[in-house]
file data02.cif (mmCIF, C-alpha atoms)
data_upload
#
loop_
_atom_site.group_PDB
_atom_site.id
_atom_site.type_symbol
_atom_site.label_atom_id
_atom_site.label_comp_id
_atom_site.auth_asym_id
_atom_site.auth_seq_id
_atom_site.Cartn_x
_atom_site.Cartn_y
_atom_site.Cartn_z
ATOM 1 C CA MET A 8 51.514 22.086 35.227
ATOM 2 C CA ASN A 9 49.326 23.256 38.043
ATOM 3 C CA MET A 10 48.641 19.955 39.819
ATOM 4 C CA SER A 11 46.298 18.993 42.636
ATOM 5 C CA TYR A 12 46.004 15.521 44.125
ATOM 6 C CA GLU A 13 43.251 13.621 45.877
ATOM 7 C CA TRP A 14 43.306 10.377 47.861
ATOM 8 C CA ALA A 15 40.426 7.903 48.143
ATOM 9 C CA ILE A 16 40.433 4.633 50.050
ATOM 10 C CA THR A 17 39.019 1.828 47.882
ATOM 11 C CA ALA A 18 39.462 -1.240 50.114
ATOM 12 C CA MET A 19 41.106 -2.487 53.290
ATOM 13 C CA LYS A 20 42.060 -5.838 54.780
ATOM 14 C CA LYS A 21 42.119 -6.748 58.441
ATOM 15 C CA ALA A 22 43.294 -9.402 60.827
ATOM 16 C CA PRO A 23 40.259 -10.476 62.856
ATOM 17 C CA THR A 24 42.565 -10.833 65.884
ATOM 18 C CA LEU A 25 46.183 -9.766 66.247
ATOM 19 C CA ASP A 26 48.243 -9.332 69.406
ATOM 20 C CA GLY A 27 45.115 -9.398 71.547
ATOM 21 C CA LEU A 28 43.355 -6.752 69.450
ATOM 22 C CA SER A 29 40.301 -7.163 67.214
ATOM 23 C CA ASN A 30 39.871 -6.101 63.593
ATOM 24 C CA VAL A 31 43.375 -4.758 63.033
ATOM 25 C CA ILE A 32 43.782 -3.088 59.629
ATOM 26 C CA THR A 33 46.690 -4.749 57.814
ATOM 27 C CA HIS A 34 46.375 -3.531 54.212
ATOM 28 C CA ILE A 35 45.043 -0.443 52.413
ATOM 29 C CA ASN A 36 44.063 -0.101 48.753
ATOM 30 C CA PHE A 37 43.723 3.418 47.426
ATOM 31 C CA LYS A 38 43.139 5.596 44.384
ATOM 32 C CA TYR A 39 45.381 8.647 44.034
ATOM 33 C CA THR A 40 44.136 11.103 41.406
ATOM 34 C CA GLY A 41 46.117 13.999 40.011
ATOM 35 C CA THR A 42 44.451 16.806 38.071
ATOM 36 C CA ASP A 43 46.147 19.525 36.058
ATOM 37 C CA ALA A 44 44.141 22.719 36.593
ATOM 38 C CA ASP A 45 45.578 24.297 33.421
ATOM 39 C CA SER A 46 44.422 21.565 31.013
ATOM 40 C CA GLY A 47 41.656 19.955 33.073
ATOM 41 C CA HIS A 48 43.160 16.507 32.442
ATOM 42 C CA SER A 49 43.581 13.976 35.214
ATOM 43 C CA ALA A 50 45.192 10.576 35.730
ATOM 44 C CA VAL A 51 44.885 7.936 38.434
ATOM 45 C CA PHE A 52 47.392 5.801 40.322
ATOM 46 C CA ASN A 53 45.794 2.761 41.972
ATOM 47 C CA GLY A 54 47.942 1.526 44.807
ATOM 48 C CA ALA A 55 48.133 -0.704 47.835
ATOM 49 C CA CYS A 56 50.253 -0.728 50.929
ATOM 50 C CA PRO A 57 50.623 -3.028 53.910
ATOM 51 C CA LEU A 58 50.458 -1.677 57.430
ATOM 52 C CA VAL A 59 52.902 -3.082 59.919
ATOM 53 C CA VAL A 60 52.014 -3.479 63.577
ATOM 54 C CA PRO A 61 54.853 -2.022 65.671
ATOM 55 C CA GLU A 62 57.123 -4.758 67.085
ATOM 56 C CA GLU A 63 56.561 -3.400 70.579
ATOM 57 C CA GLY A 64 52.811 -3.373 69.929
ATOM 58 C CA TYR A 65 50.585 -0.351 70.069
ATOM 59 C CA ALA A 66 51.214 2.218 72.756
ATOM 60 C CA GLU A 67 48.350 2.850 75.137
ATOM 61 C CA GLY A 68 45.663 4.740 73.243
ATOM 62 C CA ASP A 69 47.307 4.413 69.781
ATOM 63 C CA PHE A 70 45.098 1.603 68.475
ATOM 64 C CA ILE A 71 41.912 2.794 66.753
ATOM 65 C CA ALA A 72 38.950 0.426 66.733
ATOM 66 C CA LEU A 73 37.493 -0.369 63.328
ATOM 67 C CA ALA A 74 34.192 1.347 64.161
ATOM 68 C CA ASP A 75 36.075 4.540 65.058
ATOM 69 C CA LEU A 76 38.202 4.779 61.905
ATOM 70 C CA THR A 77 37.725 7.705 59.548
ATOM 71 C CA GLU A 78 38.774 7.925 55.927
ATOM 72 C CA ALA A 79 41.034 10.843 56.889
ATOM 73 C CA LYS A 80 42.912 8.648 59.394
ATOM 74 C CA VAL A 81 43.317 5.797 56.894
ATOM 75 C CA ILE A 82 44.570 8.261 54.255
ATOM 76 C CA GLU A 83 47.083 9.520 56.814
ATOM 77 C CA TRP A 84 48.339 5.933 57.246
ATOM 78 C CA ALA A 85 48.488 5.402 53.466
ATOM 79 C CA LYS A 86 50.481 8.623 53.004
ATOM 80 C CA ALA A 87 52.973 7.506 55.643
ATOM 81 C CA ALA A 88 53.343 4.066 54.057
ATOM 82 C CA HIS A 89 53.371 5.150 50.397
ATOM 83 C CA PRO A 90 55.323 8.354 49.581
ATOM 84 C CA THR A 91 53.892 10.400 46.722
ATOM 85 C CA ASN A 92 56.973 11.429 44.689
ATOM 86 C CA HIS A 93 56.869 8.395 42.379
ATOM 87 C CA MET A 94 53.071 8.498 42.024
ATOM 88 C CA ASN A 95 53.165 12.213 41.181
ATOM 89 C CA SER A 96 55.768 11.595 38.465
ATOM 90 C CA LEU A 97 53.739 8.805 36.873
ATOM 91 C CA ILE A 98 50.548 10.860 36.948
ATOM 92 C CA GLU A 99 52.246 13.906 35.424
ATOM 93 C CA GLU A 100 53.801 11.730 32.679
ATOM 94 C CA GLU A 101 50.375 10.290 31.836
ATOM 95 C CA ILE A 102 48.786 13.748 31.665
ATOM 96 C CA ASN A 103 51.633 14.914 29.405
ATOM 97 C CA ARG A 104 50.926 11.934 27.096
ATOM 98 C CA ILE A 105 47.263 12.982 26.977
ATOM 99 C CA ILE A 106 48.115 16.632 26.240
ATOM 100 C CA THR A 107 50.861 15.820 23.712
ATOM 101 C CA PRO A 108 50.245 12.365 22.251
ATOM 102 C CA THR A 109 53.150 10.703 20.443
ATOM 103 C CA ASN A 110 51.583 7.484 19.178
ATOM 104 C CA VAL A 111 48.276 8.351 17.487
ATOM 105 C CA GLU A 112 46.803 5.879 14.992
ATOM 106 C CA VAL A 113 46.875 6.987 11.340
ATOM 107 C CA THR A 114 43.434 6.425 9.825
ATOM 108 C CA GLY A 115 42.133 5.499 6.379
ATOM 109 C CA GLU A 116 40.691 8.998 6.144
ATOM 110 C CA GLU A 117 44.257 10.329 6.197
ATOM 111 C CA LEU A 118 45.705 7.713 3.814
ATOM 112 C CA SER A 119 43.423 5.854 1.447
ATOM 113 C CA PHE A 120 45.595 2.730 1.365
ATOM 114 C CA LEU A 121 44.829 2.283 5.083
ATOM 115 C CA ALA A 122 41.145 1.760 4.389
ATOM 116 C CA PRO A 123 39.552 -0.622 6.870
ATOM 117 C CA PRO A 124 39.477 -4.275 5.773
ATOM 118 C CA ALA A 125 36.296 -5.429 4.046
ATOM 119 C CA GLU A 126 33.764 -7.014 6.381
ATOM 120 C CA SER A 127 33.385 -10.738 5.878
ATOM 121 C CA GLU A 128 29.964 -12.096 5.059
ATOM 122 C CA GLU A 129 28.722 -15.152 6.892
#
call {"tool": "encode", "arguments": {"input": "data02.cif", "output": "structure tokens"}}
result
Amino acid sequence: MNMSYEWAITAMKKAPTLDGLSNVITHINFKYTGTDADSGHSAVFNGACPLVVPEEGYAEGDFIALADLTEAKVIEWAKAAHPTNHMNSLIEEEINRIITPTNVEVTGEELSFLAPPAESEE
């Protein structure tokens, strides 16, 4: 597989006030999409991760105000809080199931005794 991955932030939660700061991000929801360039198939992992305020508080200049946040910065936090190895494995397994299905329904066209049940009349 020739995989590429993309992050997207789908939601966040905040504490209106925390340790003397305003609008502190406490939780990130994200969508992590993997695409196999060889087959063109993709799969998505929807995840969430809490953010923990350092016990010693934020160092001078480390806190980013809500209005100054960028998606790139929030993705950086999500990556640090949610390693990708497990997500990559799940995504690759799902794409493999799409490419090589193992549980496909047998239809009535293939076997006549599996014809769909007669529709009931009301």
call {"tool": "residues_around", "arguments": {"input": "data02.cif", "residues": "segment 29-40 of chain A", "least_positions_apart": "5", "cutoff": "6 Å", "atoms": "all atoms listed in the file", "output": "PDB file with C-alpha atoms, in the frame of the given file"}}
result
ATOM      1  CA  TYR A  12      46.004  15.521  44.125  1.00  0.00           C
ATOM      2  CA  GLU A  13      43.251  13.621  45.877  1.00  0.00           C
ATOM      3  CA  TRP A  14      43.306  10.377  47.861  1.00  0.00           C
ATOM      4  CA  ALA A  15      40.426   7.903  48.143  1.00  0.00           C
ATOM      5  CA  ILE A  16      40.433   4.633  50.050  1.00  0.00           C
ATOM      6  CA  THR A  17      39.019   1.828  47.882  1.00  0.00           C
ATOM      7  CA  ALA A  18      39.462  -1.240  50.114  1.00  0.00           C
ATOM      8  CA  MET A  19      41.106  -2.487  53.290  1.00  0.00           C
ATOM      9  CA  LYS A  20      42.060  -5.838  54.780  1.00  0.00           C
ATOM     10  CA  LYS A  21      42.119  -6.748  58.441  1.00  0.00           C
ATOM     11  CA  ALA A  22      43.294  -9.402  60.827  1.00  0.00           C
ATOM     12  CA  PRO A  23      40.259 -10.476  62.856  1.00  0.00           C
ATOM     13  CA  THR A  24      42.565 -10.833  65.884  1.00  0.00           C
ATOM     14  CA  ALA A  50      45.192  10.576  35.730  1.00  0.00           C
ATOM     15  CA  VAL A  51      44.885   7.936  38.434  1.00  0.00           C
ATOM     16  CA  PHE A  52      47.392   5.801  40.322  1.00  0.00           C
ATOM     17  CA  ASN A  53      45.794   2.761  41.972  1.00  0.00           C
ATOM     18  CA  GLY A  54      47.942   1.526  44.807  1.00  0.00           C
ATOM     19  CA  ALA A  55      48.133  -0.704  47.835  1.00  0.00           C
ATOM     20  CA  CYS A  56      50.253  -0.728  50.929  1.00  0.00           C
ATOM     21  CA  PRO A  57      50.623  -3.028  53.910  1.00  0.00           C
ATOM     22  CA  LEU A  58      50.458  -1.677  57.430  1.00  0.00           C
TER      23      LEU A  58
END
call {"tool": "atom_distance", "arguments": {"input": "data02.cif", "atom1": "atom CA of Thr42 of chain A", "atom2": "atom CA of Val113 of chain A"}}
result
28.6 Å
call {"tool": "resolve_selection", "arguments": {"input": "data02.cif", "expression": "the PyMOL selection byres ((chain A and resi 10) around 7)", "output": "PyMOL selection string"}}
result
chain A and resi 8-9+11-12+41-44
call {"tool": "closest_residue", "arguments": {"input": "data02.cif", "among": "A:Glu100, A:Val81, A:Ile105, A:Leu121", "to": "Ser46 of chain A", "atoms": "all atoms listed in the file"}}
result
A:Ile105
call {"tool": "atom_distance", "arguments": {"input": "data02.cif", "atom1": "atom CA of Thr91 of chain A", "atom2": "atom CA of Thr77 of chain A"}}
result
20.8 Å
call {"tool": "atom_distance", "arguments": {"input": "data02.cif", "atom1": "atom CA of Gly68 of chain A", "atom2": "atom CA of His89 of chain A"}}
result
24.1 Å
call {"tool": "closest_residue", "arguments": {"input": "data02.cif", "among": "A:Leu118, A:Leu28, A:Ile106, A:Ile98", "to": "Ile71 of chain A", "atoms": "only C-alpha atoms"}}
result
A:Leu28
call {"tool": "closest_residue", "arguments": {"input": "data02.cif", "among": "A:Asp69, A:Thr114, A:Asp26, A:Ser49", "to": "Ile102 of chain A", "atoms": "only C-alpha atoms"}}
result
A:Ser49
